[in-house]
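> The structure's right below; bear with me while I get my questions together.
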Amino acid sequence: MQKNNTLLIKSMSFALSIFFTSHRRASTFNITSFITGTFTSSALLLAGATLSWAHAAETSLSATPSISIYVSDANGEPVKDMVLTLTPNFTLASTPQREEEPAIMNQIDKQFAPHVLVVQSGTDISFPNADNLFHHVYSFSPTKQFELKLYKEFTAEPLRFEQAGIVDIGCNIHDWMLGYIVVTDSPFFAKTDEEGLMNVSLPVGEYSVMTWHPQQPDVKLFNSATLHITNSQEYKFVLDAVFSDDDFDEGFGDY
């Protein structure tokens with residue numbers, strides 16, 4: 001192998017720190033964002049995926065970039081259920097196919113599971129009851145109003161969610177049961193898991209970005225309303241707030 005005609009891409013990385021403040025109601029919610037993007041031939045540790053490149057130009061043209069995000073609160077604890085939606089500001093060469101099987105919003109141990117469900121508009125959702133007791137699921141949200149009266153198990157047809165928006169759901173018997181369905185028109189979305197991690201693959205281009213969380217519906221991760229995707233990136237966000245697991249969600253019923 002000759003050095004003159006061999007290109008070795010070891011790694012390139014950049015780091016950017018952004019400080020900004022997001023105002024919510026009468027209080028101030030500060031977000032300190034540490035944004036780190038990495039272009040490397042080694043494994044993307046945050047995403048748990050391995051991407052390798054032979055040439056930088058080849059990456060932006062042929063590979064599908066992967067956006068990996070980690071979110072933690074002011075105590076350094078991972079933040080789960082943070083939702084990210086990316087709407088392309090360009091025409092897609094092909095539209096990703098929606099899942100044909102209905103999405104599931106279950107009821108387990110008198111809690112909605114998952115607490116936050118994200119779907120694309122036009123998706124059917126079923127509401128099974130895994131508990132050996134009655135539930136009465138309802139929503140008064142303008143995005144989707146419905147009522148599933150007392151039942152122990154559910155075998156009826158799923159409900160279709162056509163309109164984009166936030167649908168908060170409750171149980172008319174168990175007041176502490178809160179759940180959310182985030183409906184988006186975009187096929188590109190993700191939600192942080194128990195470890196505060198999310199990952200989404202999408203075509204190169206410019207996107208409008210939105211973030212949402214049930215304890216802080218107005219939170220914004222990115223400093224800009226748009227994000228230009230050219231290659232795989234890793235982001236780390238540290239929020240100047242503490243997110244608790246006490247099931248109190250500020251966004252419930254806030255129409």
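By order of appearance in the structure tokens: chains A, B, ..., then residues from 1 within every chain, and ligands from 1 in the order shown.
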Each residue of range 70-132 of chain A lying at most 10 Å from range 146-164 of chain A should get a row with its shortest atom-to-atom pair and the distance in Å to one decimal, counting only C-alpha atoms; could you produce that, ordered by chain and increasing number, as a Markdown table?


```
| residue | atom | partner | partner_atom | distance |
| --- | --- | --- | --- | --- |
| A:Pro102 | CA | A:Pro158 | CA | 7.0 |
| A:Ala103 | CA | A:Pro158 | CA | 8.8 |
| A:Ile104 | CA | A:Pro158 | CA | 9.1 |
| A:Gln107 | CA | A:Glu153 | CA | 9.7 |
| A:Val119 | CA | A:Phe161 | CA | 8.6 |
| A:Gln120 | CA | A:Ala164 | CA | 7.9 |
| A:Ser121 | CA | A:Glu162 | CA | 4.8 |
| A:Gly122 | CA | A:Glu162 | CA | 4.4 |
| A:Thr123 | CA | A:Phe161 | CA | 5.6 |
| A:Asp124 | CA | A:Arg160 | CA | 4.2 |
| A:Ile125 | CA | A:Pro158 | CA | 5.2 |
| A:Ser126 | CA | A:Pro158 | CA | 4.3 |
| A:Phe127 | CA | A:Phe154 | CA | 6.8 |
| A:Pro128 | CA | A:Phe154 | CA | 4.9 |
| A:Asn129 | CA | A:Glu153 | CA | 4.8 |
| A:Ala130 | CA | A:Glu153 | CA | 6.8 |
| A:Asp131 | CA | A:Lys152 | CA | 6.9 |
| A:Asn132 | CA | A:Lys152 | CA | 6.3 |
```

> Can you list, as JSON, numbers by chain, every protein, DNA or RNA residue that comes within 6 Å of range 77-80 of chain A when you count only C-alpha atoms, leaving out same-chain residues fewer than 6 positions away?

{"A": [71, 192, 193, 194, 195, 196]}

> Can I get the selected residues back with C-alpha atoms, as a JSON list (two decimals), in the first residue's frame?


```json
[["chain", "number", "residue", "atom", "x", "y", "z"],
["A", 71, "VAL", "CA", -29.90, 14.70, 28.15],
["A", 192, "THR", "CA", -34.91, 9.63, 25.38],
["A", 193, "ASP", "CA", -34.89, 6.31, 27.19],
["A", 194, "GLU", "CA", -34.25, 5.54, 30.87],
["A", 195, "GLU", "CA", -30.58, 6.38, 30.32],
["A", 196, "GLY", "CA", -31.35, 9.79, 28.81]]
```

> How many Å separate CA of Trp212 in chain A from CA of Val83 in chain A?

5.1 Å

> Near His228 in chain A, counting only C-alpha atoms, which residues have an atom at most 8 Å away, once you skip same-chain residues fewer than 5 positions from it, shown as a PyMOL selection string?

chain A and resi 204-207

> Which of range 44-253 of chain A counts as alpha helix (DSSP H) under DSSP, as an NGL selection string please?

:A and (56-62)
